[in-house]
file upload06.txt (compact mmCIF, C-alpha atoms and all ligand atoms)
# COMPACT_ATOMS: atom_id res chain seq x y z
CA MET A 110 4.31 10.54 13.98
CA THR A 111 1.24 9.06 15.67
CA ASP A 112 -0.66 6.11 14.21
CA PRO A 113 -3.63 8.33 13.17
CA GLU A 114 -1.23 10.77 11.49
CA TRP A 115 0.39 7.90 9.62
CA ASP A 116 -3.01 6.47 8.63
CA ASN A 117 -4.11 9.88 7.37
CA ILE A 118 -1.34 9.91 4.77
CA CYS A 119 -3.25 7.18 2.89
CA ARG A 120 -5.62 8.64 0.34
CA ARG A 121 -7.83 5.52 0.35
CA CYS A 122 -7.45 4.73 -3.33
CA GLY A 123 -7.41 0.99 -2.56
CA GLU A 124 -4.82 0.23 -5.23
CA CYS A 125 -2.68 -1.70 -2.77
CA CYS A 126 -5.63 -4.04 -2.24
CA PHE A 127 -5.50 -5.43 -5.78
CA GLU A 128 -3.33 -8.45 -6.48
CA LYS A 129 -0.02 -8.01 -8.23
CA ILE A 130 2.03 -10.57 -10.04
CA ILE A 131 5.80 -10.25 -9.96
CA ASP A 132 7.55 -12.38 -12.57
CA ALA A 133 11.03 -13.87 -12.42
CA ASP A 134 12.75 -10.77 -13.78
CA GLY A 135 10.97 -8.52 -11.28
CA THR A 136 8.38 -7.06 -13.62
CA ILE A 137 5.25 -6.15 -11.69
CA TYR A 138 1.85 -6.73 -13.25
CA HIS A 139 -1.10 -4.99 -11.61
CA THR A 140 -4.31 -7.02 -11.82
CA ARG A 141 -7.93 -6.01 -11.27
CA ILE A 142 -8.38 -8.85 -8.78
CA ALA A 143 -9.31 -7.17 -5.52
CA CYS A 144 -9.01 -8.47 -2.00
CA ARG A 145 -12.39 -9.93 -1.10
CA TYR A 146 -12.66 -7.43 1.73
CA LEU A 147 -12.21 -4.36 -0.47
CA ASP A 148 -15.39 -2.47 -1.29
CA ILE A 149 -14.56 -1.72 -4.90
CA VAL A 150 -17.02 1.18 -5.06
CA THR A 151 -15.88 3.13 -1.99
CA ARG A 152 -12.36 1.62 -2.09
CA GLU A 153 -12.54 1.06 1.64
CA CYS A 154 -11.57 -2.08 3.48
CA LYS A 155 -14.67 -3.73 4.93
CA VAL A 156 -12.69 -5.20 7.83
CA TYR A 157 -10.15 -2.43 8.34
CA HIS A 158 -9.87 -2.75 12.13
CA LYS A 159 -9.27 -6.49 12.01
CA ARG A 160 -7.58 -6.71 8.61
CA PHE A 161 -4.45 -8.41 9.96
CA LYS A 162 -6.53 -11.23 11.40
CA THR A 163 -8.39 -12.20 8.23
CA GLY A 164 -5.76 -14.51 6.76
CA GLU A 165 -5.61 -12.39 3.62
CA GLU A 166 -1.93 -11.50 4.02
CA CYS A 167 -2.69 -7.83 4.56
CA ILE A 168 0.61 -6.07 5.23
CA ARG A 169 1.00 -3.30 7.80
CA LEU A 170 2.63 -0.43 5.97
CA THR A 171 5.42 1.31 7.83
CA PRO A 172 8.09 3.63 6.44
CA GLU A 173 10.46 0.64 6.29
CA VAL A 174 7.93 -1.53 4.46
CA VAL A 175 7.02 1.26 2.03
CA ARG A 176 10.71 1.77 1.25
CA GLU A 177 11.03 -1.89 0.18
CA ALA A 178 7.56 -2.42 -1.32
CA VAL A 179 8.24 -2.21 -5.04
CA TRP A 180 4.64 -3.32 -5.68
CA LEU A 181 3.21 -0.06 -4.34
CA GLY A 182 2.51 2.23 -7.23
CA ASP A 183 4.08 5.64 -7.74
CA ASP A 184 0.66 7.13 -7.02
CA CYS A 185 0.56 5.66 -3.52
CA ALA A 186 0.46 8.46 -0.98
CA TYR A 187 2.99 6.68 1.22
CA VAL A 188 5.45 6.32 -1.67
CA GLN A 189 5.06 10.01 -2.42
CA TRP A 190 5.40 10.91 1.26
CA LEU A 191 8.59 8.85 1.51
CA ARG A 192 10.10 10.51 -1.54
CA ALA A 193 9.17 13.96 -0.26
CA THR A 194 10.64 13.36 3.19
CA SER A 195 13.74 11.31 2.33
CA LYS A 196 17.06 13.02 2.30
CA PRO A 197 18.92 12.68 -0.99
CA HIS A 198 21.89 10.31 -0.93
CA LYS A 199 25.31 11.92 -1.15
CA THR A 200 27.44 10.64 -4.03
S1 LIG B 301 -2.11 2.45 -2.54
FE1 LIG B 301 -1.27 3.77 -0.91
S2 LIG B 301 -2.62 5.55 -0.86
FE2 LIG B 301 -3.73 3.94 -1.97
S3 LIG B 301 -4.93 2.86 -0.39
FE3 LIG B 301 -3.00 1.77 -0.59
S4 LIG B 301 -1.68 2.67 1.02
FE4 LIG B 301 -3.38 4.11 0.67
call {"tool": "encode", "arguments": {"input": "upload06.txt", "output": "structure tokens"}}
result
Amino acid sequence: MTDPEWDNICRRCGECCFEKIIDADGTIYHTRIACRYLDIVTRECKVYHKRFKTGEECIRLTPEVVREAVWLGDDCAYVQWLRATSKPHKT
């Protein structure tokens, strides 16, 4: 998959750009505190092409990261893509 193809999976909801709190027992709390670079109306990143250089801890999503990122919601297009394309485990 090319980088543009991977980027096009994202549906630009911006939910990953809101802070989450994960407590000691692993419960994830979604907050309405947005990254300062998220346009909360359009839900687009205002510094998309240099987002990894802003110091805001923006994480590059890859299939491996998405697989481990429990803080991504079930509605995330990458989470849904991963579920749709993953082979079921044999038991
Ligand atoms: S939560 Fe998923 S689909 Fe929504 S903007 Fe973030 S990466 Fe894209």
call {"tool": "residues_around", "arguments": {"input": "upload06.txt", "residues": "Arg120 in chain A", "least_positions_apart": "3", "cutoff": "8 Å", "atoms": "all atoms listed in the file", "output": "PyMOL selection string"}}
result
chain A and resi 117+185-186
call {"tool": "residues_around", "arguments": {"input": "upload06.txt", "residues": "Glu165 in chain A", "least_positions_apart": "2", "cutoff": "10 Å", "atoms": "all atoms listed in the file", "output": "short mmCIF file (atom, residue, chain, number, x, y, z; two decimals) with C-alpha atoms, in the coordinates of the input"}}
result
data_model
loop_
_atom_site.label_atom_id
_atom_site.label_comp_id
_atom_site.auth_asym_id
_atom_site.auth_seq_id
_atom_site.Cartn_x
_atom_site.Cartn_y
_atom_site.Cartn_z
CA CYS A 144 -9.01 -8.47 -2.00
CA ARG A 145 -12.39 -9.93 -1.10
CA TYR A 146 -12.66 -7.43 1.73
CA ARG A 160 -7.58 -6.71 8.61
CA PHE A 161 -4.45 -8.41 9.96
CA LYS A 162 -6.53 -11.23 11.40
CA THR A 163 -8.39 -12.20 8.23
CA CYS A 167 -2.69 -7.83 4.56
CA ILE A 168 0.61 -6.07 5.23
#
call {"tool": "closest_residue", "arguments": {"input": "upload06.txt", "among": "A:Val188, A:Val156, A:Lys196, A:Arg141", "to": "ligand LIG 301 (chain B)", "atoms": "all atoms listed in the file"}}
result
A:Val188
call {"tool": "atom_distance", "arguments": {"input": "upload06.txt", "atom1": "CA of Arg176 in chain A", "atom2": "CA of Arg192 in chain A"}}
result
9.2 Å
call {"tool": "residues_near_ligand", "arguments": {"input": "upload06.txt", "ligand": "ligand LIG 301 (chain B)", "cutoff": "10 Å", "atoms": "only C-alpha atoms and all ligand atoms", "output": "MDAnalysis selection string"}}
result
chainID A and resid 116:127 152:154 168:171 175 180:190
call {"tool": "atom_distance", "arguments": {"input": "upload06.txt", "atom1": "CA of Val179 in chain A", "atom2": "CA of Gly135 in chain A"}}
result
9.3 Å
call {"tool": "atom_distance", "arguments": {"input": "upload06.txt", "atom1": "CA of Ile137 in chain A", "atom2": "CA of Glu166 in chain A"}}
result
18.1 Å
call {"tool": "build_atoms", "arguments": {"input": "upload06.txt", "residues": "range 116-152 of chain A", "atoms": "N, CA and C atoms", "output": "PDB file, in the coordinates of the input"}}
result
ATOM      1  N   ASP A 116      -1.852   6.961   9.377  1.00  0.00           N
ATOM      2  CA  ASP A 116      -3.010   6.470   8.630  1.00  0.00           C
ATOM      3  C   ASP A 116      -3.596   7.549   7.718  1.00  0.00           C
ATOM      4  N   ASN A 117      -3.532   8.786   8.158  1.00  0.00           N
ATOM      5  CA  ASN A 117      -4.110   9.880   7.370  1.00  0.00           C
ATOM      6  C   ASN A 117      -3.322  10.217   6.116  1.00  0.00           C
ATOM      7  N   ILE A 118      -2.103   9.700   6.011  1.00  0.00           N
ATOM      8  CA  ILE A 118      -1.340   9.910   4.770  1.00  0.00           C
ATOM      9  C   ILE A 118      -2.022   9.173   3.622  1.00  0.00           C
ATOM     10  N   CYS A 119      -2.570   8.000   3.913  1.00  0.00           N
ATOM     11  CA  CYS A 119      -3.250   7.180   2.890  1.00  0.00           C
ATOM     12  C   CYS A 119      -4.411   7.965   2.290  1.00  0.00           C
ATOM     13  N   ARG A 120      -4.512   7.917   0.982  1.00  0.00           N
ATOM     14  CA  ARG A 120      -5.620   8.640   0.340  1.00  0.00           C
ATOM     15  C   ARG A 120      -6.776   7.712  -0.034  1.00  0.00           C
ATOM     16  N   ARG A 121      -6.717   6.477   0.469  1.00  0.00           N
ATOM     17  CA  ARG A 121      -7.830   5.520   0.350  1.00  0.00           C
ATOM     18  C   ARG A 121      -8.188   5.212  -1.113  1.00  0.00           C
ATOM     19  N   CYS A 122      -7.177   5.081  -1.936  1.00  0.00           N
ATOM     20  CA  CYS A 122      -7.450   4.730  -3.330  1.00  0.00           C
ATOM     21  C   CYS A 122      -7.700   3.229  -3.485  1.00  0.00           C
ATOM     22  N   GLY A 123      -7.196   2.433  -2.529  1.00  0.00           N
ATOM     23  CA  GLY A 123      -7.410   0.990  -2.560  1.00  0.00           C
ATOM     24  C   GLY A 123      -6.531   0.235  -3.538  1.00  0.00           C
ATOM     25  N   GLU A 124      -5.641   0.910  -4.217  1.00  0.00           N
ATOM     26  CA  GLU A 124      -4.820   0.230  -5.230  1.00  0.00           C
ATOM     27  C   GLU A 124      -3.936  -0.856  -4.633  1.00  0.00           C
ATOM     28  N   CYS A 125      -3.530  -0.675  -3.392  1.00  0.00           N
ATOM     29  CA  CYS A 125      -2.680  -1.700  -2.770  1.00  0.00           C
ATOM     30  C   CYS A 125      -3.473  -2.962  -2.457  1.00  0.00           C
ATOM     31  N   CYS A 126      -4.784  -2.899  -2.572  1.00  0.00           N
ATOM     32  CA  CYS A 126      -5.630  -4.040  -2.240  1.00  0.00           C
ATOM     33  C   CYS A 126      -5.981  -4.876  -3.455  1.00  0.00           C
ATOM     34  N   PHE A 127      -5.340  -4.606  -4.581  1.00  0.00           N
ATOM     35  CA  PHE A 127      -5.500  -5.430  -5.780  1.00  0.00           C
ATOM     36  C   PHE A 127      -4.252  -6.298  -5.923  1.00  0.00           C
ATOM     37  N   GLU A 128      -4.452  -7.531  -6.364  1.00  0.00           N
ATOM     38  CA  GLU A 128      -3.330  -8.450  -6.480  1.00  0.00           C
ATOM     39  C   GLU A 128      -2.345  -7.992  -7.546  1.00  0.00           C
ATOM     40  N   LYS A 129      -1.089  -8.266  -7.260  1.00  0.00           N
ATOM     41  CA  LYS A 129      -0.020  -8.010  -8.230  1.00  0.00           C
ATOM     42  C   LYS A 129       0.690  -9.328  -8.499  1.00  0.00           C
ATOM     43  N   ILE A 130       1.226  -9.413  -9.677  1.00  0.00           N
ATOM     44  CA  ILE A 130       2.030 -10.570 -10.040  1.00  0.00           C
ATOM     45  C   ILE A 130       3.429 -10.049 -10.341  1.00  0.00           C
ATOM     46  N   ILE A 131       4.415 -10.649  -9.711  1.00  0.00           N
ATOM     47  CA  ILE A 131       5.800 -10.250  -9.960  1.00  0.00           C
ATOM     48  C   ILE A 131       6.483 -11.430 -10.632  1.00  0.00           C
ATOM     49  N   ASP A 132       6.950 -11.239 -11.876  1.00  0.00           N
ATOM     50  CA  ASP A 132       7.550 -12.380 -12.570  1.00  0.00           C
ATOM     51  C   ASP A 132       9.028 -12.516 -12.214  1.00  0.00           C
ATOM     52  N   ALA A 133       9.661 -13.505 -12.809  1.00  0.00           N
ATOM     53  CA  ALA A 133      11.030 -13.870 -12.420  1.00  0.00           C
ATOM     54  C   ALA A 133      12.024 -12.744 -12.609  1.00  0.00           C
ATOM     55  N   ASP A 134      11.788 -11.869 -13.589  1.00  0.00           N
ATOM     56  CA  ASP A 134      12.750 -10.770 -13.780  1.00  0.00           C
ATOM     57  C   ASP A 134      12.345  -9.507 -13.008  1.00  0.00           C
ATOM     58  N   GLY A 135      11.347  -9.634 -12.151  1.00  0.00           N
ATOM     59  CA  GLY A 135      10.970  -8.520 -11.280  1.00  0.00           C
ATOM     60  C   GLY A 135       9.924  -7.585 -11.846  1.00  0.00           C
ATOM     61  N   THR A 136       9.435  -7.891 -13.052  1.00  0.00           N
ATOM     62  CA  THR A 136       8.380  -7.060 -13.620  1.00  0.00           C
ATOM     63  C   THR A 136       7.098  -7.229 -12.823  1.00  0.00           C
ATOM     64  N   ILE A 137       6.465  -6.117 -12.507  1.00  0.00           N
ATOM     65  CA  ILE A 137       5.250  -6.150 -11.690  1.00  0.00           C
ATOM     66  C   ILE A 137       4.036  -5.930 -12.585  1.00  0.00           C
ATOM     67  N   TYR A 138       3.094  -6.843 -12.490  1.00  0.00           N
ATOM     68  CA  TYR A 138       1.850  -6.730 -13.250  1.00  0.00           C
ATOM     69  C   TYR A 138       0.723  -6.445 -12.262  1.00  0.00           C
ATOM     70  N   HIS A 139       0.024  -5.351 -12.470  1.00  0.00           N
ATOM     71  CA  HIS A 139      -1.100  -4.990 -11.610  1.00  0.00           C
ATOM     72  C   HIS A 139      -2.357  -5.638 -12.184  1.00  0.00           C
ATOM     73  N   THR A 140      -3.083  -6.371 -11.357  1.00  0.00           N
ATOM     74  CA  THR A 140      -4.310  -7.020 -11.820  1.00  0.00           C
ATOM     75  C   THR A 140      -5.523  -6.239 -11.290  1.00  0.00           C
ATOM     76  N   ARG A 141      -6.688  -6.615 -11.775  1.00  0.00           N
ATOM     77  CA  ARG A 141      -7.930  -6.010 -11.270  1.00  0.00           C
ATOM     78  C   ARG A 141      -8.621  -6.981 -10.318  1.00  0.00           C
ATOM     79  N   ILE A 142      -7.846  -7.896  -9.754  1.00  0.00           N
ATOM     80  CA  ILE A 142      -8.380  -8.850  -8.780  1.00  0.00           C
ATOM     81  C   ILE A 142      -8.215  -8.227  -7.390  1.00  0.00           C
ATOM     82  N   ALA A 143      -9.342  -7.856  -6.807  1.00  0.00           N
ATOM     83  CA  ALA A 143      -9.310  -7.170  -5.520  1.00  0.00           C
ATOM     84  C   ALA A 143      -9.367  -8.151  -4.360  1.00  0.00           C
ATOM     85  N   CYS A 144      -8.812  -7.741  -3.260  1.00  0.00           N
ATOM     86  CA  CYS A 144      -9.010  -8.470  -2.000  1.00  0.00           C
ATOM     87  C   CYS A 144     -10.518  -8.594  -1.773  1.00  0.00           C
ATOM     88  N   ARG A 145     -10.947  -9.731  -1.278  1.00  0.00           N
ATOM     89  CA  ARG A 145     -12.390  -9.930  -1.100  1.00  0.00           C
ATOM     90  C   ARG A 145     -12.985  -8.982  -0.071  1.00  0.00           C
ATOM     91  N   TYR A 146     -12.153  -8.358   0.724  1.00  0.00           N
ATOM     92  CA  TYR A 146     -12.660  -7.430   1.730  1.00  0.00           C
ATOM     93  C   TYR A 146     -12.636  -5.975   1.262  1.00  0.00           C
ATOM     94  N   LEU A 147     -12.209  -5.732   0.038  1.00  0.00           N
ATOM     95  CA  LEU A 147     -12.210  -4.360  -0.470  1.00  0.00           C
ATOM     96  C   LEU A 147     -13.572  -4.048  -1.084  1.00  0.00           C
ATOM     97  N   ASP A 148     -14.176  -2.971  -0.632  1.00  0.00           N
ATOM     98  CA  ASP A 148     -15.390  -2.470  -1.290  1.00  0.00           C
ATOM     99  C   ASP A 148     -14.909  -1.732  -2.534  1.00  0.00           C
ATOM    100  N   ILE A 149     -15.160  -2.300  -3.701  1.00  0.00           N
ATOM    101  CA  ILE A 149     -14.560  -1.720  -4.900  1.00  0.00           C
ATOM    102  C   ILE A 149     -15.237  -0.422  -5.336  1.00  0.00           C
ATOM    103  N   VAL A 150     -16.369  -0.099  -4.745  1.00  0.00           N
ATOM    104  CA  VAL A 150     -17.020   1.180  -5.060  1.00  0.00           C
ATOM    105  C   VAL A 150     -16.422   2.298  -4.196  1.00  0.00           C
ATOM    106  N   THR A 151     -16.403   2.081  -2.886  1.00  0.00           N
ATOM    107  CA  THR A 151     -15.880   3.130  -1.990  1.00  0.00           C
ATOM    108  C   THR A 151     -14.370   3.049  -1.851  1.00  0.00           C
ATOM    109  N   ARG A 152     -13.796   1.893  -2.240  1.00  0.00           N
ATOM    110  CA  ARG A 152     -12.360   1.620  -2.090  1.00  0.00           C
ATOM    111  C   ARG A 152     -11.939   1.547  -0.629  1.00  0.00           C
TER     112      ARG A 152
END
